[in-house]
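Structure record follows, encoded as C-alpha cells.
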Amino acid sequence: MSMILFSGDYDKALASLILANSAREIDIDVSMFFAFWGLFLLRDPKKISDEDKTTYEKMFSMISPKGPEDLPLSKMNFSGLGKVLLKEMMKDDEAPPLEAFLKGARKKGVKFYGCKLSMDVMGFKTDELIPEVEIIDAKGYIQDAIESDIQLFI
C-alpha cells in the first residue's frame with residue numbers, strides 16, 4: 001500500500017495512520033509519502049530549529065504546527081475547541097491519540113518518505129523530523145506507487 005498524505009489535519013492524519021497500522025497488522029507493506037502540509041505530522045517538536053533558515057522560513061516555522069498533536073481538525077475545529085471535544089470523545093471510547101498511531105506505525109515498519117520539494121519550499125530540515133523519514137522526490141514516490149497494489153491520497 002502506497003499513500004500520499006498531503007493534508008495537515010489531525011483527523012486525516014489519524015485516518016491515514018489507522019489504515020497504515022491496520023495494513024501492517026495483516027502483513028501488507030506500507031509506504032507513506034508526506035508532501036506539504038502532511039510533513040507537519042513528521043515534525044519532532046523537540047528538534048525544531050531556526051538555524052540556517054531564511055527569514056520567511058523562520059516566520060513560517062513560528063506560525064505552523066510543531067508536531068502531530070498541534071494539527072487542527074479539517075472540519076468543525078472552532079479555534080481548537082472541536083479538536084478538544086474529539087480527543088475527549090476518543091478518550092471516552094479508549095481510542096489512542098494520534099501520536100500513539102504514529103508510534104505504532106514506526107514500530108511496525110511503515111516506510112516514511114518526505115517530499116524533497118515540499119521540504120525545500122517549506123524550509124524543513126531533515127534533522128527536524130522523526131528519524132525514520134527518508135527524503136525522496138516525486139519520481140521516487142511514483143516508482144514506489146507503481147509497485148503497490150493499493151494507492152491512497154489523503
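Ligands are numbered from 1 in the order shown, residues from 1 within each chain, and chains are lettered A, B, ... in the order they appear in the C-alpha cells.
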(message) So that I can check the surroundings of Leu102 in chain A, please list as an NGL selection string every protein, DNA and RNA residue that reaches within 12 Å of it, counting only C-alpha atoms and ignoring chain neighbours fewer than 6 positions away.
(response) :A and (10 or 13-21 or 32 or 41-44 or 67-69 or 96 or 108-112 or 130 or 132)
For the residues selected in the previous step, produce a file with N, CA and C atoms as a CSV table (one decimal), in the first residue's frame.
```
chain,number,residue,atom,x,y,z
A,10,TYR,N,-5.6,16.9,11.7
A,10,TYR,CA,-5.5,15.9,12.7
A,10,TYR,C,-6.3,14.7,12.3
A,13,ALA,N,-4.8,12.8,9.3
A,13,ALA,CA,-3.6,12.2,9.7
A,13,ALA,C,-3.9,10.9,10.5
A,14,LEU,N,-4.9,11.0,11.4
A,14,LEU,CA,-5.4,9.9,12.2
A,14,LEU,C,-5.9,8.8,11.3
A,15,ALA,N,-6.7,9.1,10.3
A,15,ALA,CA,-7.3,8.1,9.4
A,15,ALA,C,-6.1,7.4,8.6
A,16,SER,N,-5.2,8.2,8.1
A,16,SER,CA,-4.1,7.6,7.4
A,16,SER,C,-3.2,6.6,8.2
A,17,LEU,N,-3.0,7.0,9.5
A,17,LEU,CA,-2.2,6.1,10.3
A,17,LEU,C,-3.0,4.9,10.8
A,18,ILE,N,-4.3,5.0,11.0
A,18,ILE,CA,-5.1,3.9,11.3
A,18,ILE,C,-5.0,2.9,10.1
A,19,LEU,N,-5.1,3.4,8.9
A,19,LEU,CA,-5.0,2.5,7.7
A,19,LEU,C,-3.6,1.9,7.6
A,20,ALA,N,-2.6,2.6,7.9
A,20,ALA,CA,-1.2,2.1,7.8
A,20,ALA,C,-1.0,1.0,8.8
A,21,ASN,N,-1.4,1.3,10.1
A,21,ASN,CA,-1.2,0.3,11.1
A,21,ASN,C,-2.0,-1.0,10.8
A,32,MET,N,4.4,5.6,3.1
A,32,MET,CA,3.7,6.9,3.2
A,32,MET,C,4.6,8.0,2.7
A,41,LEU,N,3.0,16.3,10.3
A,41,LEU,CA,2.9,15.0,11.1
A,41,LEU,C,4.2,14.5,11.5
A,42,LEU,N,5.2,14.7,10.7
A,42,LEU,CA,6.5,14.1,11.0
A,42,LEU,C,7.5,15.0,11.8
A,43,ARG,N,7.1,16.2,12.1
A,43,ARG,CA,7.9,17.1,12.8
A,43,ARG,C,8.1,16.6,14.3
A,44,ASP,N,9.3,16.7,14.7
A,44,ASP,CA,9.6,16.4,16.1
A,44,ASP,C,9.7,17.7,16.9
A,67,GLY,N,4.1,19.8,15.6
A,67,GLY,CA,4.1,18.3,15.5
A,67,GLY,C,2.7,17.7,15.5
A,68,PRO,N,2.6,16.4,15.6
A,68,PRO,CA,1.3,15.8,15.4
A,68,PRO,C,0.2,16.3,16.2
A,69,GLU,N,0.4,16.5,17.5
A,69,GLU,CA,-0.7,16.9,18.4
A,69,GLU,C,-1.1,18.4,18.2
A,96,PRO,N,-6.8,5.4,21.1
A,96,PRO,CA,-5.5,6.1,21.3
A,96,PRO,C,-5.4,7.4,20.5
A,108,LYS,N,6.0,-0.8,13.6
A,108,LYS,CA,5.6,-1.8,12.7
A,108,LYS,C,6.3,-1.8,11.3
A,109,GLY,N,7.2,-0.8,11.1
A,109,GLY,CA,8.0,-0.8,9.9
A,109,GLY,C,7.4,-0.1,8.7
A,110,VAL,N,6.4,0.8,9.0
A,110,VAL,CA,5.9,1.6,7.9
A,110,VAL,C,7.0,2.5,7.4
A,111,LYS,N,7.1,2.6,6.0
A,111,LYS,CA,8.2,3.4,5.5
A,111,LYS,C,7.7,4.8,5.3
A,112,PHE,N,8.4,5.8,5.8
A,112,PHE,CA,8.1,7.2,5.8
A,112,PHE,C,9.0,7.9,4.8
A,130,ILE,N,11.1,13.1,12.5
A,130,ILE,CA,11.4,11.8,13.1
A,130,ILE,C,12.5,11.1,12.3
A,132,GLU,N,13.0,8.1,11.1
A,132,GLU,CA,12.6,7.1,10.1
A,132,GLU,C,12.4,7.7,8.7
```
Could you name the residues that touch Leu73 in chain A at 7 Å or less, counting only C-alpha atoms, but leaving out those on the same chain fewer than 6 positions away, as a PDB file with N, CA and C atoms, in the first residue's frame?
```pdb
ATOM      1  N   ASP A   9      -4.215  17.981   8.564  1.00  0.00           N
ATOM      2  CA  ASP A   9      -5.330  17.958   9.509  1.00  0.00           C
ATOM      3  C   ASP A   9      -5.257  16.738  10.420  1.00  0.00           C
ATOM      4  N   TYR A  10      -5.567  16.943  11.682  1.00  0.00           N
ATOM      5  CA  TYR A  10      -5.481  15.901  12.708  1.00  0.00           C
ATOM      6  C   TYR A  10      -6.293  14.665  12.317  1.00  0.00           C
ATOM      7  N   ASP A  11      -7.557  14.872  11.932  1.00  0.00           N
ATOM      8  CA  ASP A  11      -8.433  13.744  11.633  1.00  0.00           C
ATOM      9  C   ASP A  11      -7.985  12.976  10.390  1.00  0.00           C
ATOM     10  N   LYS A  83     -11.360  20.092  18.281  1.00  0.00           N
ATOM     11  CA  LYS A  83     -10.325  19.067  18.483  1.00  0.00           C
ATOM     12  C   LYS A  83     -10.314  18.591  19.934  1.00  0.00           C
TER      13      LYS A  83
END
```
(request) Determine which residues of chain A receive a DSSP assignment of strand (DSSP E), computed from the backbone, and state them as a list in words. (result)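 Here are the strand (DSSP E) residues of chain A: Ser2, Met3, Ile4, Leu5, Ser31, Met32, Phe33, Phe34, Lys111, Phe112, Tyr113, Gly114, Cys115, Val133, Glu134, Ile135, Ile136, Gln151, Leu152 and Phe153 of chain A.
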(request) Please run DSSP on the backbone and report, as a PyMOL selection string, all residues within range 32-142 of chain A that come out as helix (DSSP H, G or I). (result) chain A and resi 36-42+55-63+68-70+78-92+98-107+116-122+126-128+138-142
(request) Compile the contact shell of Gly82 in chain A as a PyMOL selection string: residues with an atom at most 12 Å away, counting only C-alpha atoms, same-chain residues fewer than 4 positions apart removed. (result) chain A and resi 10-11+71-78+86-89
Go ahead and write the selection's residues with C-alpha atoms as an mmCIF file, in the first residue's frame.
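Result written to part-v8.cif:
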```cif
data_model
loop_
_atom_site.group_PDB
_atom_site.id
_atom_site.type_symbol
_atom_site.label_atom_id
_atom_site.label_comp_id
_atom_site.auth_asym_id
_atom_site.auth_seq_id
_atom_site.Cartn_x
_atom_site.Cartn_y
_atom_site.Cartn_z
ATOM 1 C CA TYR A 10 -5.481 15.901 12.708
ATOM 2 C CA ASP A 11 -8.433 13.744 11.633
ATOM 3 C CA LEU A 71 -2.590 19.686 13.939
ATOM 4 C CA PRO A 72 -6.076 21.223 13.621
ATOM 5 C CA LEU A 73 -9.246 19.386 12.607
ATOM 6 C CA SER A 74 -10.319 19.598 8.962
ATOM 7 C CA LYS A 75 -13.926 20.420 9.886
ATOM 8 C CA MET A 76 -15.509 21.946 12.981
ATOM 9 C CA ASN A 77 -12.174 22.941 14.531
ATOM 10 C CA PHE A 78 -13.747 26.038 16.137
ATOM 11 C CA LEU A 86 -12.859 14.938 19.559
ATOM 12 C CA LYS A 87 -9.918 13.972 21.763
ATOM 13 C CA GLU A 88 -12.227 13.718 24.802
ATOM 14 C CA MET A 89 -14.636 11.512 22.843
#
```
(request) Measuring atom to atom with only C-alpha atoms, identify which of A:Cys115, A:Ala35, A:Met122, A:Ile28 is nearest to Ile63 in chain A. (result)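 Comparing A:Cys115, A:Ala35, A:Met122, A:Ile28 against Ile63 in chain A, the winner is A:Met122.
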(message) When you count only C-alpha atoms, which of these residues is closest to Gly140 in chain A: A:Gly114, A:Gly80, A:Gly38, A:Pro65?
(response)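 Answer, going by the shortest atom-to-atom distance: A:Gly114.
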Write out as JSON lines a residue-level contact list of range 59-125 of chain A versus range 49-53 of chain A with cut-off 9 Å: for each qualifying residue the closest pair of atoms and the distance in Å to one decimal, counting only C-alpha atoms, rows sorted by chain and residue number upward.
```
{"residue": "A:Ser61", "atom": "CA", "partner": "A:Asp50", "partner_atom": "CA", "distance": 8.0}
{"residue": "A:Gly123", "atom": "CA", "partner": "A:Lys53", "partner_atom": "CA", "distance": 6.7}
{"residue": "A:Phe124", "atom": "CA", "partner": "A:Lys53", "partner_atom": "CA", "distance": 8.7}
{"residue": "A:Lys125", "atom": "CA", "partner": "A:Ser49", "partner_atom": "CA", "distance": 8.5}
```
(message) Rounded to one decimal, what separation in Å do you get between CA of Val30 in chain A and CA of Leu129 in chain A?
(response) 19.0 Å
(request) Measuring atom to atom with only C-alpha atoms, identify which of A:Ile135, A:Leu117, A:Arg24, A:Phe34 is nearest to Ile4 in chain A. (result) A:Phe34
(request) Pick out the closest residue to Ser148 in chain A from this set: A:Phe36, A:Asp29, A:Ser7, A:Asp120. Count only C-alpha atoms. (result)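 Between A:Phe36, A:Asp29, A:Ser7, A:Asp120, the residue approaching Ser148 in chain A most closely is A:Asp29.
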(request) Take CA of Met62 in chain A and CA of Arg106 in chain A and report the distance between them in Å, one decimal. (result) 26.6 Å
